[in-house]
>>> print(open('model-v4.cif').read())   # mmCIF, C-alpha atoms
data_entry
#
loop_
_atom_site.label_atom_id
_atom_site.label_comp_id
_atom_site.auth_asym_id
_atom_site.auth_seq_id
_atom_site.Cartn_x
_atom_site.Cartn_y
_atom_site.Cartn_z
CA VAL A 207 0.00 0.00 0.00
CA VAL A 208 2.76 2.45 0.93
CA SER A 209 4.66 1.86 -2.32
CA THR A 210 1.53 2.47 -4.39
CA GLN A 211 0.63 5.58 -2.42
CA SER A 212 4.20 6.86 -2.79
CA THR A 213 4.05 6.25 -6.52
CA SER A 214 0.70 7.98 -6.87
CA GLN A 215 1.98 11.09 -5.09
CA SER A 216 5.22 11.00 -7.11
CA LEU A 217 3.47 10.99 -10.47
CA ARG A 218 0.53 13.23 -9.56
CA ASP A 219 1.97 15.81 -7.17
CA TYR A 220 5.64 15.99 -8.21
CA GLY A 221 5.70 14.76 -11.81
CA ARG A 222 2.27 16.19 -12.62
CA VAL A 223 1.63 13.54 -15.26
CA CYS A 224 -0.82 14.77 -17.90
CA LYS A 225 -2.77 13.20 -20.72
CA ASP A 226 -0.53 12.09 -23.62
CA ASP A 227 2.69 12.46 -21.58
CA ARG A 228 5.76 10.35 -22.25
CA VAL A 229 6.90 8.70 -19.00
CA LEU A 230 10.03 6.73 -18.09
CA VAL A 231 9.82 4.33 -15.14
CA ILE A 232 13.24 3.24 -13.85
CA GLY A 233 13.04 0.04 -11.82
CA ALA A 234 9.88 -1.00 -13.63
CA SER A 235 9.60 -4.56 -12.32
CA GLY A 236 9.86 -3.70 -8.61
CA GLY A 237 7.09 -2.76 -6.20
CA CYS A 238 7.05 0.97 -6.97
CA GLY A 239 7.82 0.48 -10.65
CA THR A 240 4.92 -1.89 -11.27
CA ALA A 241 2.62 0.63 -9.61
CA GLY A 242 4.20 3.44 -11.63
CA ILE A 243 3.42 1.89 -14.99
CA GLN A 244 -0.22 1.26 -14.09
CA LEU A 245 -0.81 4.62 -12.42
CA ALA A 246 0.79 6.50 -15.32
CA ARG A 247 -1.70 4.76 -17.59
CA SER A 248 -4.57 5.72 -15.31
CA MET A 249 -3.42 9.35 -15.54
CA GLY A 250 -3.53 9.27 -19.33
CA ALA A 251 0.15 8.89 -20.24
CA LYS A 252 0.46 7.95 -23.91
CA GLU A 253 3.92 6.37 -23.89
CA ILE A 254 5.36 4.56 -20.87
CA VAL A 255 8.87 3.13 -21.12
CA GLY A 256 9.91 0.69 -18.41
CA VAL A 257 13.55 0.13 -17.45
CA CYS A 258 14.27 -3.41 -16.22
CA SER A 259 16.23 -6.50 -17.18
CA GLY A 260 15.29 -8.23 -20.39
CA LYS A 261 13.90 -11.27 -18.58
CA ASN A 262 11.11 -9.08 -17.18
CA GLU A 263 10.20 -7.42 -20.47
CA GLU A 264 6.95 -9.28 -21.13
CA PHE A 265 5.89 -8.95 -17.49
CA VAL A 266 6.40 -5.17 -17.55
CA LYS A 267 4.61 -4.84 -20.88
CA SER A 268 1.67 -6.82 -19.47
CA LEU A 269 1.24 -4.05 -16.89
CA GLY A 270 0.91 -1.41 -19.60
CA ALA A 271 4.40 -0.34 -20.65
CA THR A 272 4.49 0.61 -24.33
CA ASP A 273 8.21 -0.19 -24.54
CA VAL A 274 10.91 -1.70 -22.35
CA MET A 275 14.59 -0.80 -22.11
CA ASP A 276 16.91 -3.60 -20.95
CA TYR A 277 19.44 -1.88 -18.69
CA THR A 278 21.79 -4.88 -18.98
CA LYS A 279 22.25 -4.13 -22.70
CA GLN A 280 22.13 -0.33 -22.97
CA SER A 281 21.98 2.79 -20.85
CA ILE A 282 18.90 4.98 -20.70
CA LYS A 283 20.87 7.66 -22.56
CA ASP A 284 21.77 5.26 -25.38
CA TYR A 285 18.07 4.44 -25.69
CA CYS A 286 17.36 8.11 -26.47
CA LEU A 287 20.14 8.76 -29.00
CA ASP A 288 19.62 9.31 -32.72
CA SER A 289 21.87 7.99 -35.48
CA SER A 290 24.31 10.90 -35.03
CA GLY A 291 24.79 10.15 -31.33
CA ALA A 292 22.79 13.14 -30.13
CA ILE A 293 19.75 12.96 -27.86
CA ASN A 294 16.62 12.75 -29.99
CA PRO A 295 14.13 15.38 -28.74
CA ALA A 296 11.24 13.10 -29.76
CA LEU A 297 12.48 10.52 -27.27
CA GLN A 298 12.82 12.85 -24.28
CA PHE A 299 10.40 12.47 -21.40
CA ASP A 300 7.77 14.58 -19.68
CA VAL A 301 8.27 12.65 -16.44
CA ILE A 302 11.03 10.33 -15.24
CA TYR A 303 10.06 8.28 -12.19
CA ASP A 304 13.19 6.82 -10.62
CA ALA A 305 12.51 3.88 -8.34
CA ALA A 306 16.04 2.46 -8.66
CA THR A 307 18.64 5.04 -7.61
CA ASN A 308 20.22 4.25 -4.24
CA SER A 309 18.33 0.97 -3.98
CA GLY A 310 21.31 -1.14 -3.00
CA ALA A 311 23.62 -1.72 -5.97
CA GLY A 312 25.19 1.70 -6.39
CA GLU A 313 22.73 2.99 -8.99
CA ASP A 314 22.48 6.74 -9.61
CA TYR A 315 20.31 7.77 -12.54
CA LYS A 316 19.79 11.42 -11.60
CA ASP A 317 22.39 13.20 -13.75
CA ILE A 318 21.64 11.30 -16.92
CA SER A 319 17.91 11.64 -16.31
CA MET A 320 18.23 15.42 -16.31
CA GLU A 321 19.55 15.26 -19.87
CA LEU A 322 16.55 13.23 -21.00
CA LEU A 323 13.80 15.56 -19.74
CA LYS A 324 11.86 17.66 -22.21
CA PRO A 325 12.69 21.39 -22.05
CA ALA A 326 10.09 23.93 -21.04
CA ILE A 327 8.04 25.43 -23.88
CA SER A 328 5.30 28.02 -23.84
CA ASP A 329 2.37 25.67 -23.49
CA LYS A 330 4.02 22.81 -21.60
CA LYS A 331 5.77 22.32 -18.29
CA HIS A 332 9.44 21.40 -18.14
CA GLY A 333 10.07 17.66 -17.83
CA GLN A 334 10.12 16.47 -14.21
CA TYR A 335 12.48 14.03 -12.48
CA VAL A 336 11.09 12.31 -9.36
CA ALA A 337 13.12 9.94 -7.16
CA ILE A 338 11.79 7.88 -4.28
CA ASN A 339 15.16 6.91 -2.78
CA GLY A 340 17.52 9.44 -4.27
CA SER A 341 21.28 9.76 -4.35
CA PRO A 342 23.21 10.96 -1.27
CA GLY A 343 23.59 14.30 -3.02
CA MET A 344 19.82 14.68 -3.31
CA TRP A 345 19.38 14.01 0.41
CA MET A 346 21.96 16.67 1.18
CA ARG A 347 20.17 19.18 -1.02
CA MET A 348 16.84 18.38 0.60
CA PHE A 349 18.10 19.52 3.99
CA THR A 350 20.25 22.42 2.75
CA ILE A 351 19.76 24.44 -0.43
CA GLY A 352 16.80 22.54 -1.90
CA PHE A 353 16.18 21.44 -5.49
CA LYS A 354 15.74 22.93 -8.92
CA PRO A 355 12.06 23.18 -9.99
CA ASN A 356 12.27 20.03 -12.12
CA GLN A 357 14.01 17.79 -9.54
CA HIS A 358 12.18 16.08 -6.71
CA LEU A 359 13.00 13.68 -3.87
CA MET A 360 9.59 12.68 -2.62
CA LEU A 361 8.52 11.83 0.90
CA THR A 362 5.17 10.07 1.23
CA LYS A 363 2.38 11.94 2.98
CA GLY A 364 -0.08 9.57 4.62
CA ASN A 365 -3.74 10.40 4.00
CA SER A 366 -6.99 8.48 3.65
CA GLU A 367 -8.04 10.26 0.45
CA ASP A 368 -5.20 8.68 -1.52
CA LEU A 369 -6.02 5.24 -0.14
CA GLN A 370 -9.68 5.64 -1.13
CA HIS A 371 -8.67 6.72 -4.63
CA LEU A 372 -6.33 3.74 -5.05
CA ALA A 373 -8.99 1.35 -3.76
CA LYS A 374 -11.37 2.76 -6.37
CA LEU A 375 -8.81 2.12 -9.12
CA VAL A 376 -8.55 -1.49 -7.93
CA ASP A 377 -12.32 -2.06 -7.65
CA GLU A 378 -13.74 0.14 -10.41
CA GLY A 379 -10.74 0.90 -12.62
CA TRP A 380 -10.65 3.57 -15.31
CA THR A 381 -11.52 3.88 -18.99
CA ASN A 382 -8.46 4.05 -21.23
CA SER A 383 -8.09 6.01 -24.48
CA GLU A 384 -9.45 3.06 -26.49
CA GLY A 385 -12.59 2.95 -24.36
CA ALA A 386 -11.62 -0.25 -22.54
CA GLN A 387 -11.76 -0.69 -18.79
CA GLU A 388 -8.48 -1.19 -16.90
CA PHE A 389 -7.85 -1.94 -13.24
CA LEU A 390 -4.98 -1.32 -10.85
CA LYS A 391 -3.49 -4.71 -10.00
CA PRO A 392 -1.28 -5.05 -6.91
CA VAL A 393 1.74 -7.17 -7.86
CA ILE A 394 2.94 -9.59 -5.16
CA ALA A 395 6.32 -11.24 -5.65
CA LYS A 396 5.87 -13.64 -2.75
CA GLU A 397 3.58 -14.09 0.26
CA LEU A 398 5.23 -15.34 3.43
CA PRO A 399 4.21 -16.02 7.04
CA PHE A 400 5.42 -13.56 9.67
CA THR A 401 8.09 -15.74 11.26
CA ALA A 402 11.78 -15.13 11.86
CA GLU A 403 12.76 -17.67 9.21
CA ALA A 404 10.34 -16.26 6.63
CA VAL A 405 11.44 -12.67 7.34
CA ASN A 406 15.02 -13.68 6.58
CA GLU A 407 13.82 -15.36 3.40
CA GLY A 408 11.93 -12.23 2.39
CA PHE A 409 14.92 -9.96 2.94
CA ASP A 410 17.17 -12.36 1.02
CA LEU A 411 14.73 -12.15 -1.90
CA LEU A 412 14.64 -8.36 -1.62
CA LYS A 413 18.44 -8.11 -1.60
CA SER A 414 18.69 -10.49 -4.55
CA ARG A 415 16.96 -7.83 -6.69
CA ARG A 416 14.93 -10.56 -8.38
CA ALA A 417 11.58 -9.79 -6.78
CA LYS A 418 8.82 -8.75 -9.18
CA GLY A 419 6.47 -6.57 -7.17
CA LYS A 420 6.21 -6.48 -3.37
CA ILE A 421 7.04 -9.11 -0.76
CA VAL A 422 4.12 -9.58 1.63
CA PHE A 423 4.15 -10.98 5.17
CA LYS A 424 0.89 -12.39 6.57
CA MET A 425 0.37 -11.14 10.12
CA ASP A 426 -2.33 -13.61 11.22
#
>>> encode(input="model-v4.cif", output="structure tokens")
Amino acid sequence: VVSTQSTSQSLRDYGRVCKDDRVLVIGASGGCGTAGIQLARSMGAKEIVGVCSGKNEEFVKSLGATDVMDYTKQSIKDYCLDSSGAINPALQFDVIYDAATNSGAGEDYKDISMELLKPAISDKKHGQYVAINGSPGMWMRMFTIGFKPNQHLMLTKGNSEDLQHLAKLVDEGWTNSEGAQEFLKPVIAKELPFTAEAVNEGFDLLKSRRAKGKIVFKMD
């Protein structure tokens, strides 16, 4: 629930995803990433590119990604280059949702992400970069000089209104641009009992970086 609420606030309040936006979700097969793809669709994003390993490509596309970039084969910058080696403006993003930086393996996508954001134009906001973990440098800026207007390190704000909205997306869904009904689907990597042994198993799975979705512990 917290990961989905965090993602909703990231895309809505910080990224300000709009209809027909182009969105990049880094860490697309994890708990926040799987929510990010689906919630971006619910907000009307036209193109959603998921960044994950190639083995998770079909899984991520099944959630609504229009394309998948395999980070084991190319960088997100390479994905956006034209034949001359320059960044193709048509491939830049309105919103980059980073659910991978500082997640345990030394990742830091911030600087390169800034190059891949669309520039501000008269009738459109500047592209927005939103991180949920953030690099050490972002944490330092949060508590000192702050961020540029298109950079965000989000902290979740608990409220019942968001939870009610997310529950409605699960139960009632939304109508997509083709007129079909879609529903928010929580993705559970594994469900485990709340025991010491199972908790260790869950954290081992989390640290392995092979979990698709969230790891759930049953408290009964």
>>> axis_aligned_box(input="model-v4.cif", around="region 240-253 of chain A", padding_each_side="4 Å", output="AutoDock Vina command-line options")
--center_x 0.2 --center_y 3.7 --center_z -16.8 --size_x 17.5 --size_y 19.2 --size_z 22.3
>>> resolve_selection(input="model-v4.cif", expression="the PyMOL selection byres ((chain A and resi 227) around 8)", output="list of chain:residue names")
A:Val223, A:Cys224, A:Lys225, A:Asp226, A:Arg228, A:Val229, A:Gly250, A:Ala251, A:Lys252, A:Glu253, A:Phe299, A:Asp300, A:Val301
>>> residues_around(input="model-v4.cif", residues="Asp368 (chain A)", least_positions_apart="6", cutoff="9 Å", atoms="all atoms listed in the file", output="count of residues only")
3
>>> resolve_selection(input="model-v4.cif", expression="the PyMOL selection byres ((chain A and resi 295) around 12)", output="list in words")
Arg228, Lys283, Cys286, Leu287, Asp288, Ala292, Ile293, Asn294, Ala296, Leu297, Gln298, Phe299, Asp300, Glu321, Leu322, Leu323, Lys324, Pro325 and Gly333 of chain A
>>> write_last_selection(input="model-v4.cif", atoms="C-alpha atoms", output="PDB file, in the coordinates of the input")
ATOM      1  CA  ARG A 228       5.760  10.350 -22.250  1.00  0.00           C
ATOM      2  CA  LYS A 283      20.870   7.660 -22.560  1.00  0.00           C
ATOM      3  CA  CYS A 286      17.360   8.110 -26.470  1.00  0.00           C
ATOM      4  CA  LEU A 287      20.140   8.760 -29.000  1.00  0.00           C
ATOM      5  CA  ASP A 288      19.620   9.310 -32.720  1.00  0.00           C
ATOM      6  CA  ALA A 292      22.790  13.140 -30.130  1.00  0.00           C
ATOM      7  CA  ILE A 293      19.750  12.960 -27.860  1.00  0.00           C
ATOM      8  CA  ASN A 294      16.620  12.750 -29.990  1.00  0.00           C
ATOM      9  CA  ALA A 296      11.240  13.100 -29.760  1.00  0.00           C
ATOM     10  CA  LEU A 297      12.480  10.520 -27.270  1.00  0.00           C
ATOM     11  CA  GLN A 298      12.820  12.850 -24.280  1.00  0.00           C
ATOM     12  CA  PHE A 299      10.400  12.470 -21.400  1.00  0.00           C
ATOM     13  CA  ASP A 300       7.770  14.580 -19.680  1.00  0.00           C
ATOM     14  CA  GLU A 321      19.550  15.260 -19.870  1.00  0.00           C
ATOM     15  CA  LEU A 322      16.550  13.230 -21.000  1.00  0.00           C
ATOM     16  CA  LEU A 323      13.800  15.560 -19.740  1.00  0.00           C
ATOM     17  CA  LYS A 324      11.860  17.660 -22.210  1.00  0.00           C
ATOM     18  CA  PRO A 325      12.690  21.390 -22.050  1.00  0.00           C
ATOM     19  CA  GLY A 333      10.070  17.660 -17.830  1.00  0.00           C
TER      20      GLY A 333
END
>>> atom_distance(input="model-v4.cif", atom1="CA of Tyr277 (chain A)", atom2="CA of Ser259 (chain A)")
5.8 Å
>>> atom_distance(input="model-v4.cif", atom1="CA of Met425 (chain A)", atom2="CA of Gly242 (chain A)")
26.5 Å
>>> residues_around(input="model-v4.cif", residues="Gly221 (chain A)", least_positions_apart="3", cutoff="6 Å", atoms="all atoms listed in the file", output="VMD selection string")
chain A and resid 217 to 218 301 334
>>> residues_around(input="model-v4.cif", residues="Ala234 (chain A)", least_positions_apart="4", cutoff="7 Å", atoms="all atoms listed in the file", output="PDB file with C-alpha atoms, in the frame of the given file")
ATOM      1  CA  GLY A 239       7.820   0.480 -10.650  1.00  0.00           C
ATOM      2  CA  THR A 240       4.920  -1.890 -11.270  1.00  0.00           C
ATOM      3  CA  GLY A 256       9.910   0.690 -18.410  1.00  0.00           C
ATOM      4  CA  VAL A 257      13.550   0.130 -17.450  1.00  0.00           C
ATOM      5  CA  CYS A 258      14.270  -3.410 -16.220  1.00  0.00           C
ATOM      6  CA  VAL A 266       6.400  -5.170 -17.550  1.00  0.00           C
TER       7      VAL A 266
END
>>> decode(input="model-v4.cif", residues="region 366-384 of chain A", atoms="N, CA, C and O atoms", output="tab-separated table (two decimals), in the first residue's frame")
chain	number	residue	atom	x	y	z
A	366	SER	N	-5.95	9.44	4.00
A	366	SER	CA	-6.99	8.48	3.65
A	366	SER	C	-7.55	8.72	2.25
A	366	SER	O	-8.00	7.78	1.60
A	367	GLU	N	-7.49	9.96	1.78
A	367	GLU	CA	-8.04	10.26	0.45
A	367	GLU	C	-7.30	9.49	-0.64
A	367	GLU	O	-7.92	8.94	-1.57
A	368	ASP	N	-5.98	9.44	-0.54
A	368	ASP	CA	-5.20	8.68	-1.52
A	368	ASP	C	-5.57	7.20	-1.48
A	368	ASP	O	-5.71	6.54	-2.52
A	369	LEU	N	-5.70	6.66	-0.28
A	369	LEU	CA	-6.02	5.24	-0.14
A	369	LEU	C	-7.40	4.93	-0.74
A	369	LEU	O	-7.59	3.89	-1.39
A	370	GLN	N	-8.34	5.83	-0.55
A	370	GLN	CA	-9.68	5.64	-1.13
A	370	GLN	C	-9.62	5.69	-2.65
A	370	GLN	O	-10.28	4.91	-3.35
A	371	HIS	N	-8.81	6.61	-3.17
A	371	HIS	CA	-8.67	6.72	-4.63
A	371	HIS	C	-8.04	5.46	-5.21
A	371	HIS	O	-8.51	4.93	-6.23
A	372	LEU	N	-6.99	4.95	-4.56
A	372	LEU	CA	-6.33	3.74	-5.05
A	372	LEU	C	-7.25	2.53	-4.96
A	372	LEU	O	-7.27	1.69	-5.86
A	373	ALA	N	-8.03	2.44	-3.89
A	373	ALA	CA	-8.99	1.35	-3.76
A	373	ALA	C	-10.02	1.40	-4.89
A	373	ALA	O	-10.42	0.36	-5.43
A	374	LYS	N	-10.41	2.62	-5.27
A	374	LYS	CA	-11.37	2.76	-6.37
A	374	LYS	C	-10.76	2.30	-7.69
A	374	LYS	O	-11.45	1.68	-8.51
A	375	LEU	N	-9.47	2.58	-7.90
A	375	LEU	CA	-8.81	2.12	-9.12
A	375	LEU	C	-8.72	0.60	-9.16
A	375	LEU	O	-8.77	0.00	-10.23
A	376	VAL	N	-8.58	-0.02	-8.00
A	376	VAL	CA	-8.55	-1.49	-7.93
A	376	VAL	C	-9.94	-2.07	-8.20
A	376	VAL	O	-10.10	-3.02	-8.99
A	377	ASP	N	-10.97	-1.50	-7.58
A	377	ASP	CA	-12.32	-2.06	-7.65
A	377	ASP	C	-13.07	-1.66	-8.91
A	377	ASP	O	-13.77	-2.48	-9.52
A	378	GLU	N	-12.95	-0.38	-9.30
A	378	GLU	CA	-13.74	0.14	-10.41
A	378	GLU	C	-12.91	0.43	-11.66
A	378	GLU	O	-13.45	0.46	-12.77
A	379	GLY	N	-11.61	0.66	-11.48
A	379	GLY	CA	-10.74	0.90	-12.62
A	379	GLY	C	-10.95	2.24	-13.28
A	379	GLY	O	-11.50	3.17	-12.69
A	380	TRP	N	-10.51	2.34	-14.52
A	380	TRP	CA	-10.65	3.57	-15.31
A	380	TRP	C	-10.83	3.19	-16.77
A	380	TRP	O	-10.53	2.07	-17.19
A	381	THR	N	-11.32	4.11	-17.56
A	381	THR	CA	-11.52	3.88	-18.99
A	381	THR	C	-10.32	4.44	-19.74
A	381	THR	O	-10.00	5.63	-19.61
A	382	ASN	N	-9.64	3.59	-20.52
A	382	ASN	CA	-8.46	4.05	-21.23
A	382	ASN	C	-8.84	4.77	-22.53
A	382	ASN	O	-10.03	4.92	-22.85
A	383	SER	N	-7.84	5.21	-23.27
A	383	SER	CA	-8.09	6.01	-24.48
A	383	SER	C	-8.79	5.23	-25.58
A	383	SER	O	-9.39	5.82	-26.48
A	384	GLU	N	-8.75	3.89	-25.49
A	384	GLU	CA	-9.45	3.06	-26.49
A	384	GLU	C	-10.86	2.71	-26.04
A	384	GLU	O	-11.58	1.99	-26.73
